[in-house]
Structure formats: structure tokens, C-alpha cells
Amino acid sequence: MHTPASRLAQVIDRFDQVEARLGAASDSSEIVKLSKEHAELRPVAEKAKALRAARTELDELAEMMESGDAEMADLAREEFYELKETLPALELEMSLALLPKDKDDAANALIEIRAGTGGDEAALFAGDLYRMYERYAQLQGWSWELASASEGEHGGYKEVIASISGNGVFGRLKFESGVHRVQRVPATESQGRIHTSAATVAIMPQPEDIDIELNMSEIRVDTMRASGAGGQHVNKTDSAVRMTHLPTGIAVVCQEKSQHQNRAKAIELLKAKLYDMQREAANAERAAERKGQIGSGDRSERIRTYNYPQGRVSDHRINLTLYKLDDIVAGDGLDEVVSALIAEDQAARLAALED
């Protein structure tokens with residue numbers, strides 16, 4: 001896509017204005033706001049300047065090729081064609097930088113993994129997914145905190161929620177939401193038969209300023225004894241907290257040692273889930289208008305299969321198959337899948353803009 005010169009000028013001018021205002025600002029809240037916009041605009045403005053400079057240089061070289069000096073024209077011709085080869089990549093980078101942003105892409109996120117069909121094996125698979133994402137978060141330099149967990153009888157998790165904090169967490173992980181399916185011989189299978197089990201992953205944005213007011217009269221709070229791994233503390237006090245938002249039926253459980261901490265954390269989780277519910281409803285309204293989006297966006301959609309006998313992972317939305325199952329499940333190879341999904345989404349949105 002060719003970005004008009006007027007659009008490049010607009011981006012550069014806006015960045016210069018923000019930079020000037022930031023230098024003169026004294027109010028702390030304004031400084032924070034301008035700093036955030038400055039950080040978001042800088043890479044876009046740098047790309048705009050690089051593209052504008054390349055276009056200008058290309059025009060100058062074209063003029064030199066028409067000059068009467070044969071030696072000068074030959075040198076200019078060589079540089080002209082070299083630069084012309086690099087221009088499409090600069091144009092693409094600029095187009096991608098100008099794509100409309102999802103306002104939650106920069107947000108932290110909650111990850112919720114639930115065992116689906118498959119009993120004990122599904123819980124074990126949910127545990128494998130939990131460790132895969134935890135390792136991936138570590139490799140990205142993000143911080144990971146377990147928020148609540150209901151463990152499976154033979155290991156893994158029936159349900160587990162973790163909070164992930166860092167730069168651009170939600171934007172990187174949002175395409176992981178959906179049904180993940182595993183095909184393998186469970187440890188409990190004596191006949192060596194391959195079983196198919198599933199777990200559901202939900203990635204929910206957790207922006208710092210969630211604009212949701214909770215009416216505590218609409219929330220039921222239950223305290224209970226913590227369960228699962230917890231050493232001597234477990235079952236001695238009613239420290240675990242379950243909060244249920246009565247109008248929606250959304251419930252969260254936190255079971256750390258301190259009931260006070262659990263209440264605070266449960267309110268955070270509840271706000272994030274309600275925000276996610278609003279976001280999903282808005283997305284569903286827009287889904288019919290979006291062309292070529294990655295999958296249906298429905299969390300009940302089967303998005304990926306992990307086939308252990310063949311050592312392959314297949315993402316069904318973009319027809320991607322990689323024979324790197326061990327690497328991917330270990331978390332080290334997951335970025336190849338994540339990057340492919342993001343690239344496909346960007347290509348689909350560029351195509352929609354051209355249409």
C-alpha cells in the first residue's frame with residue numbers, strides 16, 4: 001500500500017507537537033498522558049521520516065539519471081535501483097504501523113485455562129498448557145502470577161487463572177483464546193490407545209484503568225477453606241473467597257493465605273471478567289463486518305490440535321502445521337505460532353483497508 005505524503009506529514013507533525021508539549025508540561029497527569037502518546041507515536045513517526053526520506057532520495061536519483069554527466073548518471077542509476085528494491089518493505093512497514101490499533105493491545109492480561117472433555121487427561125493437558133504459557137511469558141520478560149487454581153485429582157488443573165503483566169501482553173496473546181485439542185496416549189491408558197481431550201483457553205485484557213463500577217449489593221461473597229497445595233495452612237481457616245456477580249452469574253475464587261488479599265484480588269478478577277464480557281459483546285456485533293479475521297473469534301471454536309504421535313501442532317485458523325510439538329509445548333517454540341497469527345491478522349486487515 002502507498003501511504004499518501006500528506007498522511008506521512010500528519011504523523012510527523014503530530015509527533016513533533018506532542019514532543020514540544022511534553023518538553024513544556026509541568027502537570028504530572030499531563031506528563032504521564034503525553035509520555036504515553038509520545039512512546040506510541042515515536043516508532044510510527046520514525047518510519048514515516050524514513051519512508052519520506054527514501055522517496056525524496058529516489059526522486060533526486062531519478063533526476064540525476066537524466067543529467068548530461070554519463071558517469072554521474074550511471075552511479076545514480078545503480079543507487080536508484082538498489083533503493084527502489086528496499087522501498088516496498090518500507091511502504092509495508094508504514095502501512096502496518098498505521099493500521100487501527102486495538103486499544104487493549106498494550107494491556108496486561110488474565111489467562112484462564114479450563115479442562116474440557118477428557119476427564120483426568122484433560123486436566124493434565126490444561127496443566128501442560130499452563131506451563132507452556134508460563135514459560136513463554138518468562139521468555140518475553142513478562143511477570144506471571146497465579147491468581148486461582150482448582151487442581152485435577154491426578155495432576156494438572158480443572159481450572160486455573162493467572163495474571164500476566166508486561167509490555168503488550170494482550171496484543172501478543174489474544175489469538176490464543178479458544179479450544180485447544182490434544183491427541184495422545186494418556187498415562188492412565190493401559191492399552192496404548194490414543195485419546196482426544198480438550199482444554200479451553202481464554203485471554204482477557206486487564207487494562208490499568210478498567211472503567212467498571214462494581215455495586216457490592218449485587219455481589220455475593222462466600223468464604224471457604226482453601227483447597228489444593230498449601231502445606232500446613234490449608235483447611236485451618238476460611239481464607240478462600242468466592243465472589244459471584246449476581247446479574248451475570250460470573251464467579252471468581254481466590255485462595256491465598258490472607259482473606260483480605262483474596263477479597264482485593266477477587267474484585268480485580270471480577271472487574272476484568274466483566275470488562276471482557278463487554279468487549280466480547282462489542283466484538284460480536286462487529287464480527288459480521290470484518291473480512292478475513294482470524295477464526296470466528298468465538299471461544300468455543302476449536303483453534304489448535306497438538307498431536308503427540310506425529311509430533312505436530314496444527315492451527316486450524318491459518319492452516320499452519322509445524323512438526324515442533326516438543327518445542328512448542330515447552331514454550332520455547334510458541335512464538336513461531338503466535339507471530340504467524342499476528343502476521344495473518346495484519347495481512348487480513350490491510351486487505352480489508354484496500355477493499
# chains A, B, ... in the order shown; residues from 1 in each chain; ligands from 1
call {"tool": "select_by_dssp", "arguments": {"residues": "range 170-270 of chain A", "states": "strand (DSSP E)", "output": "ChimeraX atom specification"}}
result
/A:178-184,195-206,219-224,240-245,250-254
call {"tool": "residues_around", "arguments": {"residues": "Gly127 in chain A", "least_positions_apart": "3", "cutoff": "9 Å", "atoms": "only C-alpha atoms", "output": "NGL selection string"}}
result
:A and (113 or 115 or 122-124 or 130-132 or 151-152 or 155-158 or 160)
call {"tool": "residues_around", "arguments": {"residues": "range 171-179 of chain A", "least_positions_apart": "2", "cutoff": "9 Å", "atoms": "only C-alpha atoms", "output": "PyMOL selection string"}}
result
chain A and resi 102+104-107+109+111+116+168-169+181+198-205+294-295+297-305+338-339+341-342
call {"tool": "closest_residue", "arguments": {"among": "A:Val44, A:Ser148, A:Thr248, A:Ala282", "to": "Asp13 in chain A", "atoms": "only C-alpha atoms"}}
result
A:Val44
call {"tool": "atom_distance", "arguments": {"atom1": "CA of Ile164 in chain A", "atom2": "CA of Trp144 in chain A"}}
result
4.7 Å
call {"tool": "closest_residue", "arguments": {"among": "A:Gly166, A:Pro4, A:Gly192, A:Pro309", "to": "Asn108 in chain A", "atoms": "only C-alpha atoms"}}
result
A:Gly166
call {"tool": "residues_around", "arguments": {"residues": "Leu41 in chain A", "least_positions_apart": "5", "cutoff": "10 Å", "atoms": "only C-alpha atoms", "output": "list in words"}}
result
Val11, Ile12, Arg14, Phe15, Asp16, Val18, Glu19, Ser35, Lys36, Glu46 and Ala97 of chain A
call {"tool": "select_by_dssp", "arguments": {"residues": "range 88-201 of chain A", "states": "helix (DSSP H, G or I)", "output": "PyMOL selection string"}}
result
chain A and resi 88-97+119-140+169-176
call {"tool": "residues_around", "arguments": {"residues": "Ala272 in chain A", "least_positions_apart": "5", "cutoff": "9 Å", "atoms": "only C-alpha atoms", "output": "list in words"}}
result
Ala109, Leu110, Met204, Pro205, Gln206, Pro207, Ile210, Ile212, Ile267 and Met277 of chain A
call {"tool": "write_last_selection", "arguments": {"atoms": "N, CA, C and O atoms", "output": "PDB file, in the first residue's frame"}}
result
ATOM      1  N   ALA A 109      -2.829  -8.964  30.930  1.00  0.00           N
ATOM      2  CA  ALA A 109      -3.897  -9.911  30.614  1.00  0.00           C
ATOM      3  C   ALA A 109      -4.084 -10.949  31.710  1.00  0.00           C
ATOM      4  O   ALA A 109      -3.179 -11.224  32.496  1.00  0.00           O
ATOM      5  N   LEU A 110      -5.291 -11.487  31.741  1.00  0.00           N
ATOM      6  CA  LEU A 110      -5.573 -12.675  32.539  1.00  0.00           C
ATOM      7  C   LEU A 110      -5.646 -13.846  31.581  1.00  0.00           C
ATOM      8  O   LEU A 110      -6.196 -13.717  30.482  1.00  0.00           O
ATOM      9  N   MET A 204      -7.927 -12.564  28.555  1.00  0.00           N
ATOM     10  CA  MET A 204      -8.756 -11.381  28.837  1.00  0.00           C
ATOM     11  C   MET A 204      -7.875 -10.183  29.131  1.00  0.00           C
ATOM     12  O   MET A 204      -6.947 -10.279  29.933  1.00  0.00           O
ATOM     13  N   PRO A 205      -8.145  -9.041  28.473  1.00  0.00           N
ATOM     14  CA  PRO A 205      -7.326  -7.854  28.745  1.00  0.00           C
ATOM     15  C   PRO A 205      -7.562  -7.351  30.165  1.00  0.00           C
ATOM     16  O   PRO A 205      -8.672  -7.456  30.697  1.00  0.00           O
ATOM     17  N   GLN A 206      -6.522  -6.816  30.760  1.00  0.00           N
ATOM     18  CA  GLN A 206      -6.626  -6.269  32.109  1.00  0.00           C
ATOM     19  C   GLN A 206      -5.984  -4.875  32.128  1.00  0.00           C
ATOM     20  O   GLN A 206      -4.902  -4.671  32.684  1.00  0.00           O
ATOM     21  N   PRO A 207      -6.659  -3.902  31.474  1.00  0.00           N
ATOM     22  CA  PRO A 207      -6.088  -2.561  31.444  1.00  0.00           C
ATOM     23  C   PRO A 207      -6.002  -1.969  32.838  1.00  0.00           C
ATOM     24  O   PRO A 207      -6.761  -2.352  33.734  1.00  0.00           O
ATOM     25  N   ILE A 210      -9.604   0.066  34.243  1.00  0.00           N
ATOM     26  CA  ILE A 210     -10.881  -0.547  33.856  1.00  0.00           C
ATOM     27  C   ILE A 210     -12.012   0.334  34.388  1.00  0.00           C
ATOM     28  O   ILE A 210     -12.122   0.564  35.585  1.00  0.00           O
ATOM     29  N   ILE A 212     -15.124   0.214  35.239  1.00  0.00           N
ATOM     30  CA  ILE A 212     -16.294  -0.561  35.649  1.00  0.00           C
ATOM     31  C   ILE A 212     -16.514  -0.337  37.147  1.00  0.00           C
ATOM     32  O   ILE A 212     -15.610  -0.570  37.956  1.00  0.00           O
ATOM     33  N   ILE A 267     -11.960  -8.897  43.496  1.00  0.00           N
ATOM     34  CA  ILE A 267     -12.590  -7.719  42.878  1.00  0.00           C
ATOM     35  C   ILE A 267     -11.890  -7.391  41.557  1.00  0.00           C
ATOM     36  O   ILE A 267     -12.537  -7.094  40.550  1.00  0.00           O
ATOM     37  N   MET A 277     -16.376  -9.386  29.131  1.00  0.00           N
ATOM     38  CA  MET A 277     -17.715  -9.720  28.647  1.00  0.00           C
ATOM     39  C   MET A 277     -18.250  -8.581  27.767  1.00  0.00           C
ATOM     40  O   MET A 277     -18.823  -8.818  26.695  1.00  0.00           O
TER      41      MET A 277
END
call {"tool": "atom_distance", "arguments": {"atom1": "CA of Glu344 in chain A", "atom2": "CA of Asp315 in chain A"}}
result
12.1 Å
call {"tool": "decode", "arguments": {"residues": "range 193-232 of chain A", "atoms": "N, CA and C atoms", "output": "PDB file, in the first residue's frame"}}
result
ATOM      1  N   ARG A 193      -3.983 -46.890  23.625  1.00  0.00           N
ATOM      2  CA  ARG A 193      -4.867 -46.235  22.661  1.00  0.00           C
ATOM      3  C   ARG A 193      -4.730 -44.711  22.748  1.00  0.00           C
ATOM      4  N   ILE A 194      -4.823 -44.069  21.584  1.00  0.00           N
ATOM      5  CA  ILE A 194      -4.754 -42.604  21.538  1.00  0.00           C
ATOM      6  C   ILE A 194      -6.109 -42.018  21.928  1.00  0.00           C
ATOM      7  N   HIS A 195      -6.087 -41.077  22.842  1.00  0.00           N
ATOM      8  CA  HIS A 195      -7.307 -40.392  23.265  1.00  0.00           C
ATOM      9  C   HIS A 195      -7.267 -38.947  22.775  1.00  0.00           C
ATOM     10  N   THR A 196      -8.436 -38.375  22.573  1.00  0.00           N
ATOM     11  CA  THR A 196      -8.541 -36.955  22.240  1.00  0.00           C
ATOM     12  C   THR A 196      -9.186 -36.231  23.413  1.00  0.00           C
ATOM     13  N   SER A 197      -8.503 -35.224  23.928  1.00  0.00           N
ATOM     14  CA  SER A 197      -9.025 -34.420  25.036  1.00  0.00           C
ATOM     15  C   SER A 197      -8.917 -32.948  24.652  1.00  0.00           C
ATOM     16  N   ALA A 198      -9.523 -32.102  25.462  1.00  0.00           N
ATOM     17  CA  ALA A 198      -9.512 -30.672  25.124  1.00  0.00           C
ATOM     18  C   ALA A 198      -9.438 -29.803  26.369  1.00  0.00           C
ATOM     19  N   ALA A 199      -8.963 -28.592  26.169  1.00  0.00           N
ATOM     20  CA  ALA A 199      -8.967 -27.561  27.212  1.00  0.00           C
ATOM     21  C   ALA A 199      -9.281 -26.237  26.538  1.00  0.00           C
ATOM     22  N   THR A 200      -9.953 -25.375  27.265  1.00  0.00           N
ATOM     23  CA  THR A 200     -10.314 -24.060  26.732  1.00  0.00           C
ATOM     24  C   THR A 200      -9.397 -22.999  27.328  1.00  0.00           C
ATOM     25  N   VAL A 201      -8.875 -22.132  26.469  1.00  0.00           N
ATOM     26  CA  VAL A 201      -8.040 -21.015  26.903  1.00  0.00           C
ATOM     27  C   VAL A 201      -8.804 -19.716  26.638  1.00  0.00           C
ATOM     28  N   ALA A 202      -8.836 -18.839  27.636  1.00  0.00           N
ATOM     29  CA  ALA A 202      -9.419 -17.502  27.449  1.00  0.00           C
ATOM     30  C   ALA A 202      -8.375 -16.475  27.855  1.00  0.00           C
ATOM     31  N   ILE A 203      -8.075 -15.552  26.952  1.00  0.00           N
ATOM     32  CA  ILE A 203      -7.150 -14.448  27.241  1.00  0.00           C
ATOM     33  C   ILE A 203      -7.987 -13.184  27.380  1.00  0.00           C
ATOM     34  N   MET A 204      -7.927 -12.564  28.555  1.00  0.00           N
ATOM     35  CA  MET A 204      -8.756 -11.381  28.837  1.00  0.00           C
ATOM     36  C   MET A 204      -7.875 -10.183  29.131  1.00  0.00           C
ATOM     37  N   PRO A 205      -8.145  -9.041  28.473  1.00  0.00           N
ATOM     38  CA  PRO A 205      -7.326  -7.854  28.745  1.00  0.00           C
ATOM     39  C   PRO A 205      -7.562  -7.351  30.165  1.00  0.00           C
ATOM     40  N   GLN A 206      -6.522  -6.816  30.760  1.00  0.00           N
ATOM     41  CA  GLN A 206      -6.626  -6.269  32.109  1.00  0.00           C
ATOM     42  C   GLN A 206      -5.984  -4.875  32.128  1.00  0.00           C
ATOM     43  N   PRO A 207      -6.659  -3.902  31.474  1.00  0.00           N
ATOM     44  CA  PRO A 207      -6.088  -2.561  31.444  1.00  0.00           C
ATOM     45  C   PRO A 207      -6.002  -1.969  32.838  1.00  0.00           C
ATOM     46  N   GLU A 208      -5.077  -1.038  33.018  1.00  0.00           N
ATOM     47  CA  GLU A 208      -4.875  -0.441  34.342  1.00  0.00           C
ATOM     48  C   GLU A 208      -6.099   0.357  34.789  1.00  0.00           C
ATOM     49  N   ASP A 209      -6.787   0.948  33.845  1.00  0.00           N
ATOM     50  CA  ASP A 209      -7.908   1.829  34.210  1.00  0.00           C
ATOM     51  C   ASP A 209      -9.234   1.246  33.729  1.00  0.00           C
ATOM     52  N   ILE A 210      -9.604   0.066  34.243  1.00  0.00           N
ATOM     53  CA  ILE A 210     -10.881  -0.547  33.856  1.00  0.00           C
ATOM     54  C   ILE A 210     -12.012   0.334  34.388  1.00  0.00           C
ATOM     55  N   ASP A 211     -12.825   0.822  33.455  1.00  0.00           N
ATOM     56  CA  ASP A 211     -13.889   1.750  33.829  1.00  0.00           C
ATOM     57  C   ASP A 211     -15.166   0.972  34.150  1.00  0.00           C
ATOM     58  N   ILE A 212     -15.124   0.214  35.239  1.00  0.00           N
ATOM     59  CA  ILE A 212     -16.294  -0.561  35.649  1.00  0.00           C
ATOM     60  C   ILE A 212     -16.514  -0.337  37.147  1.00  0.00           C
ATOM     61  N   GLU A 213     -17.697   0.136  37.474  1.00  0.00           N
ATOM     62  CA  GLU A 213     -18.041   0.332  38.884  1.00  0.00           C
ATOM     63  C   GLU A 213     -18.794  -0.905  39.357  1.00  0.00           C
ATOM     64  N   LEU A 214     -18.306  -1.508  40.445  1.00  0.00           N
ATOM     65  CA  LEU A 214     -18.983  -2.675  40.997  1.00  0.00           C
ATOM     66  C   LEU A 214     -19.943  -2.229  42.102  1.00  0.00           C
ATOM     67  N   ASN A 215     -21.187  -2.667  41.977  1.00  0.00           N
ATOM     68  CA  ASN A 215     -22.162  -2.415  43.028  1.00  0.00           C
ATOM     69  C   ASN A 215     -22.112  -3.611  43.984  1.00  0.00           C
ATOM     70  N   MET A 216     -21.562  -3.400  45.183  1.00  0.00           N
ATOM     71  CA  MET A 216     -21.336  -4.526  46.098  1.00  0.00           C
ATOM     72  C   MET A 216     -22.638  -5.188  46.534  1.00  0.00           C
ATOM     73  N   SER A 217     -23.765  -4.481  46.383  1.00  0.00           N
ATOM     74  CA  SER A 217     -25.044  -5.112  46.746  1.00  0.00           C
ATOM     75  C   SER A 217     -25.425  -6.190  45.729  1.00  0.00           C
ATOM     76  N   GLU A 218     -24.759  -6.164  44.537  1.00  0.00           N
ATOM     77  CA  GLU A 218     -25.042  -7.175  43.504  1.00  0.00           C
ATOM     78  C   GLU A 218     -24.021  -8.318  43.523  1.00  0.00           C
ATOM     79  N   ILE A 219     -23.174  -8.320  44.555  1.00  0.00           N
ATOM     80  CA  ILE A 219     -22.115  -9.336  44.636  1.00  0.00           C
ATOM     81  C   ILE A 219     -22.287 -10.178  45.892  1.00  0.00           C
ATOM     82  N   ARG A 220     -22.334 -11.483  45.699  1.00  0.00           N
ATOM     83  CA  ARG A 220     -22.379 -12.394  46.854  1.00  0.00           C
ATOM     84  C   ARG A 220     -20.962 -12.834  47.173  1.00  0.00           C
ATOM     85  N   VAL A 221     -20.581 -12.702  48.430  1.00  0.00           N
ATOM     86  CA  VAL A 221     -19.239 -13.090  48.862  1.00  0.00           C
ATOM     87  C   VAL A 221     -19.344 -14.304  49.778  1.00  0.00           C
ATOM     88  N   ASP A 222     -18.679 -15.386  49.402  1.00  0.00           N
ATOM     89  CA  ASP A 222     -18.629 -16.595  50.243  1.00  0.00           C
ATOM     90  C   ASP A 222     -17.193 -16.842  50.655  1.00  0.00           C
ATOM     91  N   THR A 223     -16.996 -17.182  51.912  1.00  0.00           N
ATOM     92  CA  THR A 223     -15.657 -17.573  52.356  1.00  0.00           C
ATOM     93  C   THR A 223     -15.663 -19.078  52.600  1.00  0.00           C
ATOM     94  N   MET A 224     -14.532 -19.698  52.344  1.00  0.00           N
ATOM     95  CA  MET A 224     -14.436 -21.155  52.487  1.00  0.00           C
ATOM     96  C   MET A 224     -12.992 -21.523  52.730  1.00  0.00           C
ATOM     97  N   ARG A 225     -12.777 -22.755  53.025  1.00  0.00           N
ATOM     98  CA  ARG A 225     -11.412 -23.220  53.270  1.00  0.00           C
ATOM     99  C   ARG A 225     -10.683 -23.434  51.957  1.00  0.00           C
ATOM    100  N   ALA A 226      -9.443 -22.971  51.941  1.00  0.00           N
ATOM    101  CA  ALA A 226      -8.624 -23.133  50.734  1.00  0.00           C
ATOM    102  C   ALA A 226      -8.399 -24.608  50.466  1.00  0.00           C
ATOM    103  N   SER A 227      -8.312 -24.956  49.175  1.00  0.00           N
ATOM    104  CA  SER A 227      -8.060 -26.359  48.819  1.00  0.00           C
ATOM    105  C   SER A 227      -6.807 -26.433  47.977  1.00  0.00           C
ATOM    106  N   GLY A 228      -6.313 -27.640  47.795  1.00  0.00           N
ATOM    107  CA  GLY A 228      -5.128 -27.838  46.949  1.00  0.00           C
ATOM    108  C   GLY A 228      -3.848 -27.667  47.723  1.00  0.00           C
ATOM    109  N   ALA A 229      -2.742 -27.529  46.986  1.00  0.00           N
ATOM    110  CA  ALA A 229      -1.423 -27.472  47.611  1.00  0.00           C
ATOM    111  C   ALA A 229      -1.295 -26.203  48.439  1.00  0.00           C
ATOM    112  N   GLY A 230      -0.981 -26.326  49.682  1.00  0.00           N
ATOM    113  CA  GLY A 230      -0.853 -25.155  50.529  1.00  0.00           C
ATOM    114  C   GLY A 230      -0.203 -25.483  51.850  1.00  0.00           C
ATOM    115  N   GLY A 231       0.301 -26.696  51.978  1.00  0.00           N
ATOM    116  CA  GLY A 231       1.049 -27.062  53.179  1.00  0.00           C
ATOM    117  C   GLY A 231       0.193 -27.014  54.425  1.00  0.00           C
ATOM    118  N   GLN A 232       0.778 -26.575  55.518  1.00  0.00           N
ATOM    119  CA  GLN A 232       0.120 -26.614  56.818  1.00  0.00           C
ATOM    120  C   GLN A 232      -1.061 -25.657  56.904  1.00  0.00           C
TER     121      GLN A 232
END
